[in-house]
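Structure below is start-v3.cif: mmCIF, C-alpha atoms.
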data_structure
loop_
_atom_site.group_PDB
_atom_site.id
_atom_site.type_symbol
_atom_site.label_atom_id
_atom_site.label_comp_id
_atom_site.auth_asym_id
_atom_site.auth_seq_id
_atom_site.Cartn_x
_atom_site.Cartn_y
_atom_site.Cartn_z
ATOM 1 C CA PHE J 12 26.934 -27.136 -95.777
ATOM 2 C CA LEU J 13 29.789 -25.026 -94.415
ATOM 3 C CA PHE J 14 27.764 -23.910 -91.387
ATOM 4 C CA VAL J 15 26.653 -27.480 -90.664
ATOM 5 C CA CYS J 16 30.254 -28.728 -90.846
ATOM 6 C CA LEU J 17 31.522 -25.977 -88.584
ATOM 7 C CA SER J 18 28.784 -26.596 -86.044
ATOM 8 C CA ALA J 19 29.263 -30.337 -86.120
ATOM 9 C CA ARG J 20 33.032 -30.001 -85.754
ATOM 10 C CA ARG J 21 32.588 -28.322 -82.396
ATOM 11 C CA HIS J 22 30.264 -31.004 -81.004
ATOM 12 C CA VAL J 23 31.502 -34.336 -82.361
ATOM 13 C CA ALA J 24 34.323 -36.236 -80.711
ATOM 14 C CA VAL J 25 37.039 -36.852 -83.247
ATOM 15 C CA THR J 26 38.217 -40.449 -83.097
ATOM 16 C CA GLY J 27 39.442 -43.082 -85.485
ATOM 17 C CA GLY J 28 38.511 -42.488 -89.135
ATOM 18 C CA ARG J 29 36.746 -39.228 -88.346
ATOM 19 C CA ARG J 30 40.073 -37.616 -87.420
ATOM 20 C CA HIS J 31 41.243 -37.853 -91.032
ATOM 21 C CA PHE J 32 38.025 -36.277 -92.299
ATOM 22 C CA TRP J 33 38.277 -33.321 -89.913
ATOM 23 C CA GLY J 34 41.966 -32.886 -90.677
ATOM 24 C CA TRP J 35 41.140 -32.807 -94.387
ATOM 25 C CA LEU J 36 38.262 -30.373 -93.855
ATOM 26 C CA ASN J 37 40.421 -28.086 -91.707
ATOM 27 C CA ALA J 38 43.093 -28.112 -94.414
ATOM 28 C CA VAL J 39 40.425 -27.032 -96.921
ATOM 29 C CA PHE J 40 39.394 -24.161 -94.616
ATOM 30 C CA ASN J 41 43.045 -23.034 -94.505
ATOM 31 C CA LYS J 42 43.616 -23.061 -98.261
ATOM 32 C CA VAL J 43 44.659 -19.643 -99.539
ATOM 33 C CA ASP J 44 42.690 -18.245 -102.486
ATOM 34 C CA TYR J 45 44.955 -15.533 -103.910
ATOM 35 C CA ASP J 46 42.274 -14.444 -106.393
ATOM 36 C CA ARG J 47 39.917 -13.842 -103.465
ATOM 37 C CA ILE J 48 42.554 -11.714 -101.720
ATOM 38 C CA LYS J 49 42.883 -9.593 -104.873
ATOM 39 C CA ALA J 50 39.107 -9.298 -105.245
ATOM 40 C CA VAL J 51 38.158 -8.314 -101.689
ATOM 41 C CA GLY J 52 41.432 -7.114 -100.177
ATOM 42 C CA PRO J 53 43.706 -8.725 -97.603
ATOM 43 C CA ASP J 54 41.724 -7.785 -94.485
ATOM 44 C CA ARG J 55 38.400 -9.142 -95.752
ATOM 45 C CA ALA J 56 40.017 -12.325 -97.086
ATOM 46 C CA ALA J 57 41.908 -12.861 -93.824
ATOM 47 C CA ALA J 58 38.731 -12.260 -91.796
ATOM 48 C CA GLU J 59 36.899 -14.835 -93.911
ATOM 49 C CA TRP J 60 39.721 -17.358 -93.378
ATOM 50 C CA LEU J 61 39.886 -16.785 -89.638
ATOM 51 C CA LEU J 62 36.122 -16.990 -89.078
ATOM 52 C CA ARG J 63 35.860 -20.043 -91.335
ATOM 53 C CA CYS J 64 38.394 -21.705 -89.028
ATOM 54 C CA GLY J 65 36.559 -20.735 -85.833
ATOM 55 C CA ALA J 66 38.611 -17.674 -84.828
ATOM 56 C CA LYS J 67 37.389 -14.139 -84.081
ATOM 57 C CA VAL J 68 38.531 -10.779 -85.437
ATOM 58 C CA ARG J 69 38.261 -7.219 -84.210
ATOM 59 C CA PHE J 70 38.395 -4.400 -86.714
ATOM 60 C CA GLN J 71 40.201 -1.118 -86.154
ATOM 61 C CA GLY J 72 37.890 1.421 -84.506
ATOM 62 C CA PHE J 73 35.491 -1.240 -83.142
ATOM 63 C CA ASP J 74 35.308 -2.828 -79.682
ATOM 64 C CA ARG J 75 33.211 -5.816 -80.741
ATOM 65 C CA TRP J 76 34.744 -9.110 -81.827
ATOM 66 C CA HIS J 77 33.273 -10.649 -84.996
ATOM 67 C CA LEU J 78 32.778 -14.385 -84.954
ATOM 68 C CA ASP J 79 29.921 -14.899 -87.412
ATOM 69 C CA TYR J 80 31.173 -15.436 -90.954
ATOM 70 C CA ASN J 81 27.791 -14.436 -92.397
ATOM 71 C CA ALA J 82 27.733 -11.162 -90.439
ATOM 72 C CA LEU J 83 31.053 -9.774 -91.636
ATOM 73 C CA PRO J 84 30.638 -6.090 -92.478
ATOM 74 C CA THR J 85 30.733 -5.018 -96.099
ATOM 75 C CA GLY J 86 31.891 -1.788 -97.623
ATOM 76 C CA PRO J 87 34.966 -0.277 -99.226
ATOM 77 C CA LEU J 88 37.989 -2.600 -99.224
ATOM 78 C CA ASP J 89 40.030 -0.394 -96.909
ATOM 79 C CA ARG J 90 37.285 0.431 -94.401
ATOM 80 C CA TYR J 91 37.523 -2.660 -92.182
ATOM 81 C CA GLN J 92 41.092 -3.413 -91.164
ATOM 82 C CA ILE J 93 41.896 -6.206 -88.734
ATOM 83 C CA GLN J 94 43.389 -4.978 -85.462
ATOM 84 C CA GLY J 95 42.924 -8.068 -83.301
ATOM 85 C CA ILE J 96 42.892 -11.827 -83.910
ATOM 86 C CA ASP J 97 41.625 -14.282 -81.297
ATOM 87 C CA ALA J 98 42.250 -17.788 -82.623
ATOM 88 C CA THR J 99 41.179 -19.553 -79.422
ATOM 89 C CA GLU J 100 40.235 -23.182 -80.182
ATOM 90 C CA SER J 101 40.356 -22.514 -83.918
ATOM 91 C CA CYS J 102 41.701 -24.811 -86.620
ATOM 92 C CA ILE J 103 44.099 -22.314 -88.212
ATOM 93 C CA MET J 104 47.150 -23.995 -89.753
ATOM 94 C CA VAL J 105 50.407 -22.793 -91.243
ATOM 95 C CA GLN J 106 48.938 -23.283 -94.749
ATOM 96 C CA GLY J 107 46.584 -20.362 -94.125
ATOM 97 C CA PHE J 108 49.178 -17.958 -92.776
ATOM 98 C CA ASP J 109 49.727 -16.384 -96.211
ATOM 99 C CA HIS J 110 46.466 -14.563 -95.410
ATOM 100 C CA LEU J 111 48.443 -12.478 -92.908
ATOM 101 C CA GLU J 112 50.727 -10.954 -95.561
ATOM 102 C CA GLY J 113 48.640 -7.886 -96.420
ATOM 103 C CA LEU J 114 47.471 -7.035 -92.905
ATOM 104 C CA ARG J 115 48.956 -3.716 -91.763
ATOM 105 C CA HIS J 116 47.107 -2.945 -88.501
ATOM 106 C CA VAL J 117 47.176 -6.141 -86.425
ATOM 107 C CA GLU J 118 48.227 -5.233 -82.881
ATOM 108 C CA GLU J 119 47.043 -8.311 -80.957
ATOM 109 C CA ILE J 120 47.071 -12.061 -81.630
ATOM 110 C CA LYS J 121 45.845 -14.792 -79.272
ATOM 111 C CA LEU J 122 46.705 -18.411 -80.047
ATOM 112 C CA CYS J 123 44.983 -20.412 -77.302
ATOM 113 C CA ARG J 124 44.256 -24.138 -77.412
ATOM 114 C CA CYS J 125 44.993 -24.348 -81.144
ATOM 115 C CA ILE J 126 45.849 -27.963 -81.948
ATOM 116 C CA TYR J 127 47.439 -27.141 -85.315
ATOM 117 C CA ILE J 128 49.696 -24.326 -84.100
ATOM 118 C CA GLN J 129 53.327 -25.427 -84.175
ATOM 119 C CA ASP J 130 56.774 -23.892 -84.518
ATOM 120 C CA ALA J 131 56.358 -23.421 -88.279
ATOM 121 C CA CYS J 132 53.295 -21.229 -87.598
ATOM 122 C CA LEU J 133 55.186 -18.923 -85.237
ATOM 123 C CA GLU J 134 58.127 -18.796 -87.640
ATOM 124 C CA ARG J 135 55.823 -17.902 -90.528
ATOM 125 C CA LEU J 136 53.920 -15.311 -88.479
ATOM 126 C CA SER J 137 57.128 -13.611 -87.344
ATOM 127 C CA ALA J 138 58.411 -13.484 -90.937
ATOM 128 C CA VAL J 139 55.479 -11.295 -92.069
ATOM 129 C CA GLU J 140 57.004 -7.818 -92.431
ATOM 130 C CA ASN J 141 53.763 -5.971 -91.679
ATOM 131 C CA LEU J 142 53.329 -7.898 -88.426
ATOM 132 C CA GLN J 143 56.945 -7.171 -87.485
ATOM 133 C CA GLN J 144 55.917 -3.512 -87.441
ATOM 134 C CA SER J 145 52.355 -3.591 -86.092
ATOM 135 C CA LEU J 146 52.109 -6.457 -83.574
ATOM 136 C CA LEU J 147 52.237 -5.266 -79.943
ATOM 137 C CA SER J 148 50.691 -8.084 -77.899
ATOM 138 C CA MET J 149 50.600 -11.848 -78.245
ATOM 139 C CA GLU J 150 49.440 -14.879 -76.260
ATOM 140 C CA VAL J 151 50.401 -18.496 -76.877
ATOM 141 C CA VAL J 152 48.504 -20.773 -74.511
ATOM 142 C CA SER J 153 48.000 -24.552 -74.477
ATOM 143 C CA CYS J 154 49.425 -25.139 -77.952
ATOM 144 C CA GLY J 155 51.117 -28.490 -77.386
ATOM 145 C CA ASN J 156 53.185 -28.471 -80.586
ATOM 146 C CA VAL J 157 55.027 -25.221 -79.796
ATOM 147 C CA THR J 158 58.633 -25.573 -78.627
ATOM 148 C CA ASP J 159 61.465 -23.228 -77.691
ATOM 149 C CA LYS J 160 62.339 -22.934 -81.389
ATOM 150 C CA GLY J 161 58.951 -21.435 -82.280
ATOM 151 C CA VAL J 162 58.938 -19.009 -79.366
ATOM 152 C CA VAL J 163 62.474 -17.803 -80.113
ATOM 153 C CA ALA J 164 61.374 -17.078 -83.714
ATOM 154 C CA LEU J 165 59.138 -14.335 -82.314
ATOM 155 C CA HIS J 166 62.247 -12.171 -81.823
ATOM 156 C CA ARG J 167 61.608 -10.760 -85.326
ATOM 157 C CA LEU J 168 58.424 -9.032 -84.108
ATOM 158 C CA ARG J 169 60.451 -5.940 -83.285
ATOM 159 C CA ASN J 170 57.605 -3.886 -81.768
ATOM 160 C CA LEU J 171 56.196 -6.670 -79.592
ATOM 161 C CA GLU J 172 55.649 -5.270 -76.087
ATOM 162 C CA SER J 173 53.759 -8.060 -74.326
ATOM 163 C CA LEU J 174 54.021 -11.852 -74.655
ATOM 164 C CA PHE J 175 52.071 -14.298 -72.477
ATOM 165 C CA LEU J 176 53.152 -17.955 -72.592
ATOM 166 C CA SER J 177 51.216 -20.610 -70.681
ATOM 167 C CA ASP J 178 50.808 -24.389 -70.663
ATOM 168 C CA LEU J 179 53.393 -25.106 -73.367
ATOM 169 C CA PRO J 180 54.921 -28.503 -72.534
ATOM 170 C CA GLY J 181 57.190 -28.306 -75.599
ATOM 171 C CA ILE J 182 59.200 -25.496 -74.017
ATOM 172 C CA LYS J 183 62.090 -27.240 -72.290
ATOM 173 C CA ASP J 184 64.538 -24.403 -71.583
ATOM 174 C CA LYS J 185 62.308 -21.503 -70.596
ATOM 175 C CA GLN J 186 64.995 -19.271 -69.073
ATOM 176 C CA SER J 187 67.260 -19.470 -72.124
ATOM 177 C CA THR J 188 64.282 -18.914 -74.437
ATOM 178 C CA VAL J 189 63.129 -15.836 -72.512
ATOM 179 C CA ASP J 190 66.689 -14.484 -72.326
ATOM 180 C CA ARG J 191 67.077 -14.803 -76.095
ATOM 181 C CA LEU J 192 63.777 -13.033 -76.707
ATOM 182 C CA GLN J 193 64.492 -10.224 -74.287
ATOM 183 C CA GLY J 194 68.021 -9.863 -75.640
ATOM 184 C CA ALA J 195 66.559 -9.172 -79.087
ATOM 185 C CA LEU J 196 63.561 -7.193 -77.778
ATOM 186 C CA PRO J 197 64.601 -5.233 -74.661
ATOM 187 C CA ARG J 198 61.158 -3.580 -74.276
ATOM 188 C CA LEU J 199 59.348 -6.940 -74.330
ATOM 189 C CA ASP J 200 57.446 -7.916 -71.181
ATOM 190 C CA VAL J 201 57.258 -11.723 -71.070
ATOM 191 C CA THR J 202 54.798 -13.345 -68.667
ATOM 192 C CA LEU J 203 55.276 -17.077 -68.101
ATOM 193 C CA ASP J 204 52.937 -19.683 -66.659
ATOM 194 C CA LEU J 205 54.786 -22.791 -67.773
ATOM 195 C CA ASP J 206 54.937 -24.911 -64.600
#
Go through the file and emit its structure as C-alpha cells.
Amino acid sequence: FLFVCLSARRHVAVTGGRRHFWGWLNAVFNKVDYDRIKAVGPDRAAAEWLLRCGAKVRFQGFDRWHLDYNALPTGPLDRYQIQGIDATESCIMVQGFDHLEGLRHVEEIKLCRCIYIQDACLERLSAVENLQQSLLSMEVVSCGNVTDKGVVALHRLRNLESLFLSDLPGIKDKQSTVDRLQGALPRLDVTLDLD
C-alpha cells in the first residue's frame, strides 16, 4: 500500500478534495516514531523518514544516493550514518524534523522544490545542535514558503561554508538577509539567484 501511494502521489494531479487526502498522507509520512528511533538508531530512522517522503540520502563513506526505501542497507546501528540529504521534490514537513536530532555526520542538505518547507522548518533545522556542528553545505531552491526570517535563522549553523539560495519569492530584502548571515558566519559563501 505504501509503495502504491508513493507512486501514485508522483503521478496524480492534486486538485480539490484530493489535496486534503495527500496533505493528510504526507503528514502521516512525517510522523515521528520515537520508539522506532530507539530501536534502529537515529540514522536508520531518519533515512526511513526521508525516503518515505520521497527524499534521498547518502551515507558516510558511500558515493551512491539511496532512494529506495526497500533497499536501505542493514547492519549494525552505527555503520550507516547519513552524510547527505537531498529532499528535492519531497514532502518533508516540520513535523518530521525531530528525526534530525540524533544525526551527527550530516554535511549537506538540499531543499529544492519542497512545497511544505517554510520558515519553521529552517528554524527547526538550525536549532539542531548536531547540525550546527556538522552541516557544511546547504541549498534552498524554489521553496515558495521560505522568507527572510527562515533564511536568517540559518545563522546558527556555525560551520556552514556554502549556501545557495534560488527562486525564493518570499525573500524581500535579500541584501539585508545576506549581510546578517555573513555577519554571523564570516566564512559563509552565499550564492544568490533570486531575480
Evaluate the PyMOL selection byres ((chain J and resi 77) around 10) here and jot the selected residues down as a PyMOL selection string. chain J and resi 58+62+66-70+73-76+78-84+96-97
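Atom pair atom CA of J:Cys102 / atom CA of J:Leu192: separated by 26.9 Å.
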Which residues, written as an NGL selection string, have at least one atom at most 12 Å from J:Leu176, with all atoms listed in the file counted and residues fewer than 2 positions away on the same chain left out? :J and (121-124 or 148-155 or 157-159 or 161-163 or 165 or 173-174 or 178-182 or 185 or 188-189 or 200-206)
In Å, rounded to a single decimal, give me how far atom CA of J:Glu100 is from atom CA of J:Cys125.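 That distance, rounded to one decimal, is 5.0 Å.
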For the atom pair atom CA of J:Arg47 and atom CA of J:Arg90, what is the interatomic distance in Å to one decimal place?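 Value for the atom CA of J:Arg47-atom CA of J:Arg90 distance: 17.1 Å.
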Which residues would end up in the selection if the PyMOL selection byres ((chain J and resi 54) around 9) were applied here, given that I need the answer as an MDAnalysis selection string? chainID J and resid 48 51:53 55:59 88:89 91:93 110:111 113:115
